[in-house]
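A.B. asks: Pasting a structure below so you can have a look.
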Number of protein chains: 2
Amino acid sequence: MRINEIETPAPLVDLDVLERNLDRMSIYTAAHGLGLRPHIKTHKSPRVASEQLRRGAVGLTCATTHEAEVMADLTGDILVAYPPVGAARVNRLMALPRTVNLMVALDSAEAIESIAAAAKAANRPVRILIECDLGMHRVGVTSIEEGVRLARMVVERPPLVFAGVNFYPGHIRSPKADQQEPLKTLNHDVQDWLRAFEKAGLKPGIVSGGSTPTSFQAHEIAGLTEIRPGTYCYNDREIVFTGAAAREDCAFTVLATVVSTAVPGQAVVDAGAKALGREPIRSGAGEGFGELLDHPEVTVKGMSEEHGILDLTHSAWRPKVGDQVRIIPNHVCIVTHLNDFIHGVRGDQVETIWPVAARGRTARV
Amino acid sequence: MRINEIETPAPLVDLDVLERNLDRMSIYTAAHGLGLRPHIKTHKSPRVASEQLRRGAVGLTCATTHEAEVMADLTGDILVAYPPVGAARVNRLMALPRTVNLMVALDSAEAIESIAAAAKAANRPVRILIECDLGMHRVGVTSIEEGVRLARMVVERPPLVFAGVNFYPGHIRSPKADQQEPLKTLNHDVQDWLRAFEKAGLKPGIVSGGSTPTSFQAHEIAGLTEIRPGTYCYNDREIVFTGAAAREDCAFTVLATVVSTAVPGQAVVDAGAKALGREPIRSGAGEGFGELLDHPEVTVKGMSEEHGILDLTHSAWRPKVGDQVRIIPNHVCIVTHLNDFIHGVRGDQVETIWPVAARGRTARV
């Protein structure tokens, strides 16, 4: 099938670009002796996860229980980088196959008590990472003392195993020059935390950091053992704005059709908020909700649920009803979550189709 | 099952409120002799659509081909209020069961030629509405002359049938006093259009308007034969801001669990952008991406993919890790689209679960 035969809106992944992105991160982490534990939230796909494992990933990172269930078919080393809070969530984690050597990141005594009781009842070891807040201020213990206290709680509650610490440097949005100071601070803070844990006799075996924007600076953070980037497999407009990837590294586009040019000065495509997501550009002065692959000067300036409004004011290009366009989305992880199937393409040919098997919350009711 | 046993994040619909909302719109339209053709994009569910038909809806409105395929099991009167552009889309429409007396809204000669050729090849009548732009400036012909010209094109291309006109008053966001002038203008414009069509010998049998914010003013627009509100079944924070529904008319909430309070001054719940959508309030000065059902002063001030940050600065309430909350989303149609199943609840009991059967783009690859 050729791309122009696909019903739109439809998500496309350029397989050449995907493979190049996967190779690059594998080569980088191998060169620096860093473990690569990709976060699969970006693709939610066993197909892509297999390619990551084939290229040497040490395991996979998941956020939801459903993601962990799906990825349990592929690897025995799964990190659920999400607090195990709530009986339903904990029970589902305990129901993962025994072939999985589960690891969980958390930041509260409540979460420790909850997973400790479940692990004991199931007689199942669970490795615990203490999540530290190193500047993003979303989750994670904010003091070293609290981190050490939680690690001690873990040690005292077998079959829990204290495996190490993790953090997410989500406040560092770019490898650019103006972000060197935050990166230095981060490096400094990591050393402080590691020294304190070591002094307490709780040397972390795993020190897990990373994000796509900071990936290629990870080797500058002493003591880091692994990184958990997600978006690098597909990249998106946001990542290009951060400077962590080039425009030609964007593997994922939304194929759309021009459905109306009736209102002068604009063109309407069939990719709206239900196909593109409504994610703003956070890094830099990017406007709109996506830009055209073949016309970078044209952005999606507004959206309804099933309509995207192309801003033609900076372009001489004038589309006709029926024309197809490819849109680079702002935030690809959200777009993946909106779709059930991905079309893998090379050139103008659809080579393969894969399900977004870990999308949604549950495989069953 | 009780609500507090559900794994979060999870979408809940209060069945008492849903039924009251459905009743109210049916009673209103019946009282004014208006047809009610609900847009099913809000619920994407045969369960809710059946309730709408049972209460006298004349048919259903869909946007996507997949929505039409699913709803074809329930009614023979389906309006696809979306331009039939692109071979894949048109072929899928023609493959709807013959029991469906299909109607399609469009605004271009290209769309007419495309659906005319397909209808002729399939030997299948298709009713056409000419979509008019009456102020929203999204889709729709912008001049009466162009509208009449397209209607003539339809008449000349059997088995297409010119059925009437439609418009979407999306620019009128509220039934409040400051919107009375736009409503008067709309009423005036509708009369102009109808007179012109009649003068051309093309009296529209169907004059289809409506939106949830303008629903209860629909009887003030002379000549209107039916309305197509969608959101009224569930309502949401946006609709409450427009004044078209009260807070207690919000049937839909996202159940979430507090997963972290580690960072002082905030609480983190497990409903982020992948559970709530990132839709701003368009009407009025509403902030955040949702508000708590039981603590209206608490909004979701920020989100990551799987994290929502509750703003506690205006509240004395301090949640603990493990507490459950219910969030009224800003724009419920987007939240429906993120979920595969809905929990129907009464009080604190889960009474039923239904699939969001028309979610996504396709039932198969």
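Here, A, B, ... name the chains of the structure tokens in the order displayed, residue numbers run from 1 inside each chain, and ligands are numbered from 1 in the same displayed order.
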Any idea which chain B residues end up within 6 Å of chain A if we count only C-alpha atoms, as a list in words please?

C.D. replies: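 Taking only C-alpha atoms into account, Glu7, Val85, Gly86, Ala88, Arg89, Gly140, Val141, Val259, Ala262, Arg278 and Gly322 of chain B sit within 6 Å of chain A.
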
A.B. asks: Do you know which residues are at most 7 Å from segment 57-62 of chain B counting only C-alpha atoms, after dropping those on the same chain fewer than 4 positions away, and could you put them as a list of chain:residue names?

C.D. replies: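 My list of contacting residues is B:Gly35, B:Leu36, B:Arg37, B:Pro38, B:His39, B:Ile40, B:Lys41, B:Gln52, B:Leu53, B:Glu67, B:Ala68, B:Thr75, B:Asp77, B:Ile78, B:Leu79, B:Val80, B:Ala81, B:Arg228.
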
A.B. asks: Selection from above, C-alpha atoms, as a compact mmCIF listing (two decimals), in the first residue's frame, can you write it?

C.D. replies:
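Output saved as again.txt:
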# COMPACT_ATOMS: atom_id res chain seq x y z
CA GLY B 35 -35.62 17.52 15.94
CA LEU B 36 -32.76 16.31 18.15
CA ARG B 37 -29.87 14.66 16.32
CA PRO B 38 -27.23 14.31 19.06
CA HIS B 39 -23.59 14.34 18.05
CA ILE B 40 -22.19 11.11 19.48
CA LYS B 41 -18.54 12.33 19.50
CA GLN B 52 -30.85 9.23 23.20
CA LEU B 53 -32.84 7.39 20.52
CA GLU B 67 -18.35 6.39 14.58
CA ALA B 68 -20.82 5.94 11.71
CA THR B 75 -30.36 3.76 13.71
CA ASP B 77 -30.70 7.92 10.14
CA ILE B 78 -27.07 8.96 10.35
CA LEU B 79 -25.58 12.34 9.54
CA VAL B 80 -21.84 12.33 8.96
CA ALA B 81 -21.18 15.99 9.69
CA ARG B 228 -27.02 18.57 17.00

A.B. asks: Just the strand (DSSP E) stuff from segment 5-204 of chain A, please, per backbone DSSP, written as a PyMOL selection string.

C.D. replies: chain A and resi 10-14+35-36+60-62+78-80+103-106+126-131+160-166

A.B. asks: Restricted to N, CA and C atoms, what would the selected residues look like written as a short mmCIF file (atom, residue, chain, number, x, y, z; two decimals), in the first residue's frame?

C.D. replies:
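Result went into part_1.cif, see below:
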data_model
loop_
_atom_site.label_atom_id
_atom_site.label_comp_id
_atom_site.auth_asym_id
_atom_site.auth_seq_id
_atom_site.Cartn_x
_atom_site.Cartn_y
_atom_site.Cartn_z
N ALA A 10 -3.97 9.56 10.17
CA ALA A 10 -3.28 8.31 10.49
C ALA A 10 -1.85 8.59 10.91
N PRO A 11 -1.36 7.86 11.92
CA PRO A 11 0.01 8.05 12.37
C PRO A 11 0.98 7.23 11.51
N LEU A 12 2.05 7.89 11.05
CA LEU A 12 3.09 7.23 10.26
C LEU A 12 4.41 7.29 11.02
N VAL A 13 5.19 6.22 10.90
CA VAL A 13 6.56 6.24 11.42
C VAL A 13 7.51 5.90 10.28
N ASP A 14 8.45 6.79 10.01
CA ASP A 14 9.46 6.55 8.99
C ASP A 14 10.48 5.58 9.58
N GLY A 35 23.88 2.13 31.17
CA GLY A 35 22.76 1.28 30.82
C GLY A 35 21.67 2.11 30.15
N LEU A 36 20.95 1.51 29.21
CA LEU A 36 19.83 2.19 28.54
C LEU A 36 18.55 1.42 28.89
N LEU A 60 13.29 -2.35 30.38
CA LEU A 60 12.34 -1.35 29.90
C LEU A 60 11.75 -0.60 31.08
N THR A 61 11.39 0.66 30.84
CA THR A 61 10.72 1.48 31.83
C THR A 61 9.27 1.68 31.41
N CYS A 62 8.35 1.51 32.37
CA CYS A 62 6.92 1.70 32.11
C CYS A 62 6.35 2.66 33.15
N ILE A 78 11.89 -5.08 34.26
CA ILE A 78 10.95 -3.97 34.07
C ILE A 78 10.99 -3.04 35.28
N LEU A 79 11.17 -1.76 34.98
CA LEU A 79 11.04 -0.71 36.00
C LEU A 79 9.69 -0.03 35.81
N VAL A 80 8.84 -0.09 36.83
CA VAL A 80 7.63 0.73 36.83
C VAL A 80 7.99 2.02 37.55
N MET A 103 10.97 -3.96 39.30
CA MET A 103 11.57 -2.84 40.02
C MET A 103 10.57 -1.70 40.00
N VAL A 104 10.46 -1.00 41.13
CA VAL A 104 9.46 0.06 41.26
C VAL A 104 10.12 1.29 41.87
N ALA A 105 9.77 2.45 41.35
CA ALA A 105 10.28 3.71 41.91
C ALA A 105 9.19 4.34 42.76
N LEU A 106 9.55 4.88 43.93
CA LEU A 106 8.55 5.48 44.81
C LEU A 106 9.18 6.56 45.67
N VAL A 126 10.79 -7.54 45.24
CA VAL A 126 10.57 -6.36 44.40
C VAL A 126 11.72 -5.39 44.68
N ARG A 127 12.40 -5.01 43.63
CA ARG A 127 13.50 -4.04 43.77
C ARG A 127 12.91 -2.63 43.84
N ILE A 128 13.43 -1.84 44.75
CA ILE A 128 12.89 -0.50 44.95
C ILE A 128 13.94 0.55 44.63
N LEU A 129 13.54 1.54 43.84
CA LEU A 129 14.35 2.75 43.66
C LEU A 129 13.69 3.87 44.46
N ILE A 130 14.49 4.61 45.19
CA ILE A 130 13.97 5.80 45.86
C ILE A 130 14.03 6.96 44.88
N GLU A 131 12.85 7.53 44.58
CA GLU A 131 12.80 8.64 43.62
C GLU A 131 13.17 9.94 44.32
N LEU A 160 11.26 -6.85 49.89
CA LEU A 160 11.70 -5.67 49.15
C LEU A 160 13.23 -5.62 49.16
N VAL A 161 13.80 -5.10 48.08
CA VAL A 161 15.24 -5.00 47.93
C VAL A 161 15.57 -3.55 47.58
N PHE A 162 16.44 -2.93 48.34
CA PHE A 162 16.85 -1.57 47.99
C PHE A 162 17.82 -1.64 46.81
N ALA A 163 17.38 -1.14 45.65
CA ALA A 163 18.18 -1.30 44.43
C ALA A 163 18.93 -0.03 44.07
N GLY A 164 18.46 1.12 44.53
CA GLY A 164 19.15 2.35 44.17
C GLY A 164 18.24 3.56 44.17
N VAL A 165 18.63 4.55 43.40
CA VAL A 165 17.87 5.80 43.34
C VAL A 165 17.61 6.17 41.88
N ASN A 166 16.56 6.97 41.70
CA ASN A 166 16.28 7.49 40.36
C ASN A 166 15.81 8.92 40.47
#

A.B. asks: Can you list, as a VMD selection string, every protein, DNA or RNA residue that comes within 8 Å of segment 203-218 of chain A when you count only C-alpha atoms, leaving out same-chain residues fewer than 2 positions away?

C.D. replies: chain A and resid 28 129 162 to 170 172 to 175 194 197 to 201 220 to 221 223 to 232 239 242 to 244

A.B. asks: For atom CA of Thr42 of chain A and atom CA of Glu287 of chain A, determine how far apart the two atoms are, in Å to one decimal place.

C.D. replies: 22.2 Å

A.B. asks: Please report the interatomic distance between atom CA of Met94 of chain B and atom CA of Ala118 of chain B in Å with one decimal.

C.D. replies: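 Between these atoms lies a distance of 7.2 Å.
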
A.B. asks: Taking the chain letters and numbering used in this document, name the residues of segment 52-125 of chain B that DSSP puts in helix (DSSP H, G or I), as a PyMOL selection string.

C.D. replies: chain B and resi 52-54+65-71+87-94+109-122

A.B. asks: Do a neighbour search on Met1 of chain B at 10 Å with only C-alpha atoms, toss out local chain neighbours closer than 5 positions, and write the hits as number ranges by chain.

C.D. replies: B: 6, 345, 348-352

A.B. asks: Please produce a file of those selected residues containing N, CA and C atoms, as a PDB file, in the first residue's frame.

C.D. replies:
ATOM      1  N   ILE B   6     -11.887   0.732  42.190  1.00  0.00           N
ATOM      2  CA  ILE B   6     -11.479   0.871  40.786  1.00  0.00           C
ATOM      3  C   ILE B   6     -10.007   1.281  40.705  1.00  0.00           C
ATOM      4  N   VAL B 345     -21.850   4.889  37.387  1.00  0.00           N
ATOM      5  CA  VAL B 345     -21.973   4.783  38.847  1.00  0.00           C
ATOM      6  C   VAL B 345     -23.259   5.442  39.348  1.00  0.00           C
ATOM      7  N   ASP B 348     -21.912   5.565  45.457  1.00  0.00           N
ATOM      8  CA  ASP B 348     -20.534   5.070  45.448  1.00  0.00           C
ATOM      9  C   ASP B 348     -20.433   3.664  44.858  1.00  0.00           C
ATOM     10  N   GLN B 349     -21.495   3.242  44.149  1.00  0.00           N
ATOM     11  CA  GLN B 349     -21.505   1.909  43.550  1.00  0.00           C
ATOM     12  C   GLN B 349     -21.294   1.972  42.036  1.00  0.00           C
ATOM     13  N   VAL B 350     -20.481   1.059  41.514  1.00  0.00           N
ATOM     14  CA  VAL B 350     -20.364   0.895  40.068  1.00  0.00           C
ATOM     15  C   VAL B 350     -21.520   0.009  39.624  1.00  0.00           C
ATOM     16  N   GLU B 351     -22.424   0.583  38.836  1.00  0.00           N
ATOM     17  CA  GLU B 351     -23.614  -0.174  38.431  1.00  0.00           C
ATOM     18  C   GLU B 351     -23.375  -0.923  37.127  1.00  0.00           C
ATOM     19  N   THR B 352     -22.563  -0.327  36.248  1.00  0.00           N
ATOM     20  CA  THR B 352     -22.359  -0.933  34.933  1.00  0.00           C
ATOM     21  C   THR B 352     -21.076  -0.389  34.313  1.00  0.00           C
TER      22      THR B 352
END

A.B. asks: What is the atom CA of Ala285 of chain A to atom CA of Ala285 of chain B distance in Å?

C.D. replies: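 Between atom CA of Ala285 of chain A and atom CA of Ala285 of chain B the gap is 23.9 Å.
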
A.B. asks: So, counting only C-alpha atoms, which residue among A:Asn101, A:Asn123, A:Thr313, A:Thr253 is closest to Val325 of chain A?

C.D. replies: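 Counting only C-alpha atoms, the residue closest to Val325 of chain A is A:Thr253.
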